[in-house]
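K.L.:
Below you will find the structure I want to go over with you.
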Number of protein chains: 2
Amino acid sequence: MVIRYAILGLLSWKPFTGYELKKVFADSVALYWSGNSNQVYPVLVQLHRDGLVTVRTEKSTGYPEKKVYSITPLGMSALTAWVATTAPELPQSRSIFLTQLAWADLLPKEDLASLLDRYEEEVTMRLAMHREKVRRRPAAPDRTPRETFLWEMIAQHEIVMLEAELTWLARIREGLV
Amino acid sequence: MVIRYAILGLLSWKPFTGYELKKVFADSVALYWSGNSNQVYPVLVQLHRDGLVTVRTEKSTGYPEKKVYSITPLGMSALTAWVATTAPELPQSRSIFLTQLAWADLLPKEDLASLLDRYEEEVTMRLAMHREKVRRRPAAPDRTPRETFLWEMIAQHEIVMLEAELTWLARIREGLV
DNA sequence: TGGGACATGTAATTTGTTACATGATTTT
DNA sequence: AAAATCATGTAACAAATTACATGTCCCA
């Protein structure tokens with residue numbers, strides 16, 4: 001399960017609570033678990049059971065008590081091993097839009113055009129949102145230049161893909177005239 | 001559920017059995033359900049229950065009896081409505097590789113290089129396989145020129161994306177020297 | 001005679017999302 | 001006074017993959 005290692009990775013920087021991890025995932029340009037990923041809570045329990053993290057409970061006044069998780073040496077080596085040895089997979093692109101396009105010949109010209117318009121708008125919006133996220137991403141201290149570069153390239157990845165999508169869309173438009 | 005409409009789409013061409021649909025999905029460059037997608041069987045039952053398809057059972061000698069599914073007028077209009085009105089979504093790219101890369105700074109130079117190599121190999125292989133699939137794709141008769149064009153563009157989509165991936169990878173390599 | 005294609009299906013598992021439950025505190 | 005944020009968690013649902021179960025036919 002990838003989220004295990006995404007969590008371990010974040011904990012390799014500094015301790016986090018489940019709640020904080022959720023927010024990091026929601027805001028991240030690199031890590032993709034969505035909106036309100038309550039998956040973190042059971043996964044943290046699991047990581048703890050496996051000895052990859054430790055917990056320290058902070059009795060805070062009033063609020064429910066915080067559980068601050070830290071990575072263990074065992075966790076660090078599990079993370080490193082995962083990064084080094086996991087076969088790097090390509091995501092199989094499962095695009096709903098492509099399935100729509102496959103039978104878009106059922107539609108009259110205007111409806112097909114409208115479908116393409118709406119998709120382009122979606123891509124453009126996502127591109128803008130992503131750029132905005134990247135722009136207001138907090139400067140992370142204590143990173144090696146190499147790590148900074150890697151994160152920059154991860155952020156670039158989405159941009160490159162969305163731009164390729166737009167180029168491809170333009171080619172469809174040309175062909176349909 | 002997208003697979004409902006992928007099935008309806010195929011049935012809009014001609015009747016199919018569940019077994020045949022499975023094979024089409026497995027071989028298709030456009031439709032993504034994987035290897036041995038037994039999902040089709042329960043979905044076909046569901047479509048039948050909803051009146052979007054009809055079944056004709058062919059008593060074949062020896063083999064278990066074939067169930068040939070055909071689309072109904074109701075099914076056709078459900079398909080058309082879906083294509084026309086569903087908001088075209090972008091797949092949120094959930095790449096395991098990017099998660100690995102996010103913490104690849106834990107690795108020594110050679111291991112990082114190896115990770116990139118293996119990923120590039122994966123992308124290149126997928127590109128070759130996809131091109132091969134497209135090349136040996138059977139010529140579909142009875143299609144309008146527009147439909148043929150759309151399917152051509154769907155096949156192109158994967159190629160465009162994989163090539164963008166390779167370009168992006170090359171940029172990482174440059175930056176890491 | 002053994003494996004693969006034909007043909008149907010069920011069950012289990014995995015992964016991720018969404019909704020629900022609880023309740024204090026801070027901000028508008 | 002209402003809404004958002006803090007903070008934990010459970011439960012339900014959805015989608016897709018994989019394994020299992022059954023049995024025939026055909027070809028090497």
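Identifiers for the structure tokens are assigned positionally: chains receive A, B, ... in sequence, residues are indexed from 1 per chain, and ligands are indexed from 1 in the order shown.
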Show me, as a VMD selection string, the residues of chain C whose atoms get within 10 Å of chain A, using only C-alpha atoms (C1' of nucleotides) for the distance check.
P.N.:
chain C and resid 14 to 18 23 to 25
K.L.:
For chain B, report every residue with an atom at most 8 Å from chain A (counting only C-alpha atoms), formatted as a count of residues only.
P.N.:
54
K.L.:
Could you please tell me, as a ChimeraX atom specification, which residues of chain A have an atom within 9 Å of chain D when using only C-alpha atoms (C1' of nucleotides)?
P.N.:
/A:18-19,38,41-42,63-67
K.L.:
Output the selection as a PDB file, in the first residue's frame - C-alpha atoms for each residue.
P.N.:
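After the write, out.pdb holds the following:
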ATOM      1  CA  GLY A  18      -2.811  12.132  11.746  1.00  0.00           C
ATOM      2  CA  TYR A  19      -4.703  15.344  11.312  1.00  0.00           C
ATOM      3  CA  ASN A  38      -9.300   9.361   6.852  1.00  0.00           C
ATOM      4  CA  TYR A  41      -5.798   6.876  10.929  1.00  0.00           C
ATOM      5  CA  PRO A  42      -6.009   3.133  10.430  1.00  0.00           C
ATOM      6  CA  TYR A  63      -8.974  19.564  22.520  1.00  0.00           C
ATOM      7  CA  PRO A  64      -9.013  15.835  22.076  1.00  0.00           C
ATOM      8  CA  GLU A  65      -5.544  14.618  22.732  1.00  0.00           C
ATOM      9  CA  LYS A  66      -3.049  14.792  19.907  1.00  0.00           C
ATOM     10  CA  LYS A  67      -1.175  11.721  18.821  1.00  0.00           C
TER      11      LYS A  67
END
K.L.:
From a backbone DSSP assignment, name each residue in segment 50-155 of chain B labelled strand (DSSP E), as a PyMOL selection string.
P.N.:
chain B and resi 53-58+66-71
